[in-house]
Every structure is written in C-alpha cells, then in structure tokens.
Amino acid sequence: MPIPPPLPPPRPPSGTETKADVVCIGETMAVLSPPDARPLARQSALALAVGGAESNVACGLVALGHSAAWLGRVGDDPLGRRVLEDLTARGVDVSGVRTDPARPTGVYFKDTGPEGTGTHYYRRDSAAAAMDTGLASLPLLHRARVLHLSGITAALSDSCAELVTHIVSRRAVPGPVISFDVNHRPALWRHRPVDAAPTLMELARGADLVFVGRDEAETLWGTRTAQDVRDLLGPGPVLVVKDAGHGATVYCADGEETFVPTPATRVVERVGAGDAFAAGYLAALLEDRSPANGLRLGHLAAAATLSTREDVAAVLTRDTLDRHLALDDAAWSALRLT
C-alpha cells in the first residue's frame, strides 16, 4: 500500500528551467565543529562546514538518488558562498537561492561534551531571516512534487513565519504535497512574542505530512504517546511520530497505523539525525513504498548520521538499503547498524 497522500506526477521543466522532485525551504548556516570530543572552549581549531534542517533533508534525498533543491537566502559573504558551493557539490539545486547584500549568513558552533553535542547559534538578523512570501512565486516550487518546511523557519522572524503560513496553511503553491517537520527550537521562540505551541499546531494541521518527535510533542503540547499526538492533531495529515531509540509510528490518512522499531545503532552525535529520517521517509514516498518501508528507510538514513559527527552522512549503498528493506519483521528487529 503506498504512503498517502498521493504525489502529483513529475512535471518536466520547459526550456532551460530547472526542476526538483522536492524543494526544501529554510535557513542554511556555516557550521564550526570541534575535530574531537573535547568541549568547544578547549579547542584551538575548528572545522568549517554547512548545515541547516531543510538543506540537510535536500542533501539526504540526493544521496538516496532523488532530485532536490534548497531554497533560502544567504549573505553576500564568504560563508554564503561556502553554503552554495557545498550544497552544489552534493548535487542540490540552489538555483533559486537569493543573495542578500545587506545581511550576513548565519553561523552555529557545535560543542561536544559528556551529555552530547550542544549547539550555539548566531543567526539573528541573518539573510535567512529576511525570507518572505515572495519566495512562493518562484517557478521551482510550482514544479515540485513535494515542498518541505519546518518550524525552525517559522521562528526566525515575522516575515519567515508569514512565508511558512503562506505555503503550509494557505496553500499558496497548489499541487505539491506539503511536508512539515515541527522541529521545535525553544531558544528561537523566546525572541518572538507569539507562543510556539499554537503556531506549530496550526502549521502541522495544515500540512499533508508531519514529522514530530514524541518528546518534543510532549514539551510543546503535553502529549505523552504517539496516539495522543494523533488525537490532538486530528485525522487530516499523515503523521510520523519519532520516539528516538524506541521506534517510529506513522498514522496514515485512512486510519492505518504502522510502527517500526529503531534498529540498534552506534550513536556518535545526534545532530542532523531527524533531518536524515525525514529524507529517508520522503525518498520512500517518491518511490511509492509502503508505510513500513518509509519508516525503515528513515531509520536507516538516521542511523548513518547518528554514527558520525557530520550533519549529513554518506548513506548505505542502494543494494544494502534494499536488502534491509526486504527483511521480515523478526530480522529487522534483530538488525544492528553498529
């Protein structure tokens, strides 16, 4: 049984126009990371890379063999150029990205420690914070099969919140499936006068496909179980509830419920794992796979990222992925990705 909602058929571009199956909209930043497990304050050198929830999803989709674009804004600065160069090198379409001559590219630092990897963001008044509803008019969005956004963008600024609402709730781009990752970041919402909980609930209810962690849903909305989230959200969107090392559950629009346990995985760093999961699930959606295999492919993509300090990791080969997806339930439950 395919994963609902049904996708629109591919629409080839005309002339020299570009097309991507999935367009991911949000902020991408420069990332400075320690080379080892020592805390940030004790490091003398840092590695420069790029990262952002939505572009991580785009990179993951390309690694899984699908066409994806990232859409956002970067500063007219060396870090903005690095973002565009890195994403282009990974095969992501950045043709719709706008360069802002007046605002900088955002930056974040990773800080490793015994409790896991922390993150420190320097993104206020960044180029991405100036995104607005004008992005919704770009032809790239109207040719896509899926548009993917997250609650991070909704928290960046009033104009960003308006953009997300414009696409998700008002359906300013008719046709594509709207995928929404709740991605609640409490620190971002402290700078906005609106409450995160009702804002993110409204957006989730307006989407076709929603990703949310069981723990973040509990923090936001007071729900305790995946079923509680389904009951609160209502019957509209397809809902994927991730429960870390326990597993993930998908509730389809027709009422079907599917749970797939998380395979045993070596965890080096958790940053980016949720984005990888979304990329895996969306790849399965594009491939018309079953709900169970959507969750499995999400778990496999997330496991690859969990096992490295990179925000976007190299995934398993397609042959290996297909073998894992073909396992029976008992063999899957015994699978160890370590």
# chains A, B, ... in the order shown; residues from 1 in each chain; ligands from 1
>>> residues_around(residues="Leu140 (chain A)", least_positions_apart="4", cutoff="8 Å", atoms="only C-alpha atoms", output="list of chain:residue names")
A:Thr18, A:Lys19, A:Ala20, A:Val23, A:Gly96, A:Ala144
>>> closest_atom_pairs(of="region 168-245 of chain A", to="region 108-126 of chain A", cutoff="12 Å", atoms="only C-alpha atoms", output="JSON lines")
{"residue": "A:Arg185", "atom": "CA", "partner": "A:Tyr121", "partner_atom": "CA", "distance": 11.2}
{"residue": "A:Ala187", "atom": "CA", "partner": "A:Tyr121", "partner_atom": "CA", "distance": 9.5}
{"residue": "A:Leu188", "atom": "CA", "partner": "A:Arg124", "partner_atom": "CA", "distance": 9.3}
{"residue": "A:Trp189", "atom": "CA", "partner": "A:Arg124", "partner_atom": "CA", "distance": 11.9}
{"residue": "A:His191", "atom": "CA", "partner": "A:Arg124", "partner_atom": "CA", "distance": 9.4}
{"residue": "A:Arg192", "atom": "CA", "partner": "A:Arg124", "partner_atom": "CA", "distance": 11.6}
>>> write_last_selection(atoms="all heavy atoms", output="compact mmCIF listing (two decimals), in the first residue's frame")
# COMPACT_ATOMS: atom_id res chain seq x y z
N ARG A 185 12.38 24.56 18.35
CA ARG A 185 13.63 25.05 18.93
C ARG A 185 13.28 26.14 19.94
O ARG A 185 13.08 27.31 19.56
CB ARG A 185 14.55 25.61 17.84
CG ARG A 185 15.01 24.58 16.82
CD ARG A 185 15.94 23.55 17.44
NE ARG A 185 16.45 22.62 16.45
CZ ARG A 185 15.90 21.47 16.13
NH1 ARG A 185 14.77 21.11 16.74
NH2 ARG A 185 16.43 20.68 15.21
N ALA A 187 14.78 28.01 22.05
CA ALA A 187 15.60 29.23 22.11
C ALA A 187 15.18 30.24 21.05
O ALA A 187 15.22 31.46 21.28
CB ALA A 187 17.07 28.89 21.97
N LEU A 188 14.77 29.76 19.88
CA LEU A 188 14.34 30.68 18.82
C LEU A 188 13.03 31.36 19.17
O LEU A 188 12.84 32.54 18.88
CB LEU A 188 14.18 29.91 17.51
CG LEU A 188 15.44 29.55 16.73
CD1 LEU A 188 15.08 28.69 15.53
CD2 LEU A 188 16.17 30.81 16.28
N TRP A 189 12.13 30.64 19.80
CA TRP A 189 10.81 31.20 20.08
C TRP A 189 10.85 32.22 21.22
O TRP A 189 9.92 33.03 21.34
CB TRP A 189 9.83 30.08 20.39
CG TRP A 189 9.49 29.30 19.17
CD1 TRP A 189 10.08 28.14 18.74
CD2 TRP A 189 8.50 29.61 18.19
NE1 TRP A 189 9.53 27.72 17.56
CE2 TRP A 189 8.54 28.60 17.20
CE3 TRP A 189 7.56 30.63 18.06
CZ2 TRP A 189 7.70 28.60 16.09
CZ3 TRP A 189 6.72 30.64 16.96
CH2 TRP A 189 6.80 29.64 15.99
N HIS A 191 12.52 34.76 21.29
CA HIS A 191 12.69 36.08 20.69
C HIS A 191 11.45 36.54 19.93
O HIS A 191 11.46 37.60 19.31
CB HIS A 191 13.90 36.06 19.74
CG HIS A 191 15.17 35.65 20.40
ND1 HIS A 191 15.73 36.35 21.44
CD2 HIS A 191 15.99 34.59 20.18
CE1 HIS A 191 16.85 35.75 21.82
NE2 HIS A 191 17.03 34.68 21.08
N ARG A 192 10.37 35.74 19.98
CA ARG A 192 9.16 36.11 19.26
C ARG A 192 8.01 36.24 20.25
O ARG A 192 7.92 35.47 21.20
CB ARG A 192 8.81 35.05 18.21
CG ARG A 192 9.92 34.88 17.16
CD ARG A 192 9.36 34.32 15.87
NE ARG A 192 8.42 35.26 15.29
CZ ARG A 192 7.26 34.89 14.75
NH1 ARG A 192 6.88 33.64 14.77
NH2 ARG A 192 6.44 35.80 14.23
>>> closest_atom_pairs(of="region 27-124 of chain A", to="region 295-308 of chain A", cutoff="10 Å", atoms="only C-alpha atoms", output="JSON lines")
{"residue": "A:Gly60", "atom": "CA", "partner": "A:Ala301", "partner_atom": "CA", "distance": 7.8}
{"residue": "A:Leu61", "atom": "CA", "partner": "A:Ala301", "partner_atom": "CA", "distance": 9.7}
{"residue": "A:Ala63", "atom": "CA", "partner": "A:Ala301", "partner_atom": "CA", "distance": 9.8}
{"residue": "A:Leu64", "atom": "CA", "partner": "A:Ala301", "partner_atom": "CA", "distance": 8.9}
>>> closest_atom_pairs(of="region 191-284 of chain A", to="region 162-175 of chain A", cutoff="12 Å", atoms="only C-alpha atoms", output="Markdown table")
| residue | atom | partner | partner_atom | distance |
| --- | --- | --- | --- | --- |
| A:Thr199 | CA | A:Thr165 | CA | 9.2 |
| A:Leu200 | CA | A:Thr165 | CA | 9.9 |
| A:Met201 | CA | A:Ser169 | CA | 10.8 |
| A:Glu202 | CA | A:Ser169 | CA | 7.6 |
| A:Leu203 | CA | A:Ser169 | CA | 6.1 |
| A:Ala204 | CA | A:Val168 | CA | 8.3 |
| A:Arg205 | CA | A:Ser169 | CA | 8.0 |
| A:Gly206 | CA | A:Ser169 | CA | 4.7 |
| A:Ala207 | CA | A:Val168 | CA | 5.7 |
| A:Asp208 | CA | A:Val168 | CA | 8.7 |
| A:Leu209 | CA | A:Val168 | CA | 10.5 |
| A:Val210 | CA | A:Val168 | CA | 11.0 |
| A:Pro237 | CA | A:Val168 | CA | 11.7 |
>>> write_last_selection(atoms="C-alpha atoms", output="compact mmCIF listing (two decimals), in the first residue's frame")
# COMPACT_ATOMS: atom_id res chain seq x y z
CA THR A 199 1.59 28.32 15.95
CA LEU A 200 3.22 24.95 15.29
CA MET A 201 -0.07 23.13 15.83
CA GLU A 202 -1.79 25.29 13.21
CA LEU A 203 1.00 24.61 10.73
CA ALA A 204 1.00 20.88 11.45
CA ARG A 205 -2.76 20.67 10.90
CA GLY A 206 -2.36 22.49 7.59
CA ALA A 207 0.26 20.14 6.16
CA ASP A 208 -0.17 16.87 4.23
CA LEU A 209 2.69 15.10 6.01
CA VAL A 210 4.01 15.92 9.50
CA PRO A 237 -2.35 14.91 7.72
>>> residues_around(residues="region 47-51 of chain A", least_positions_apart="4", cutoff="9 Å", atoms="only C-alpha atoms", output="list in words")
Glu27, Thr28, Met29, Ala30, Val31, Leu32, Ser33, Pro34, Pro35, Ser55, Asn56, Leu79, Arg82, Val83, Asp86, Leu87, Val107, Tyr108, Gly272, Glu310, Asp311 and Val312 of chain A
>>> select_by_dssp(residues="region 9-247 of chain A", states="strand (DSSP E)", output="number ranges by chain")
A: 22-25, 29-33, 47-51, 68-71, 73-75, 98-100, 107-113, 116-122, 146-150, 177-181, 209-213, 238-243, 247
>>> atom_distance(atom1="CA of Leu335 (chain A)", atom2="CA of Ala283 (chain A)")
21.1 Å
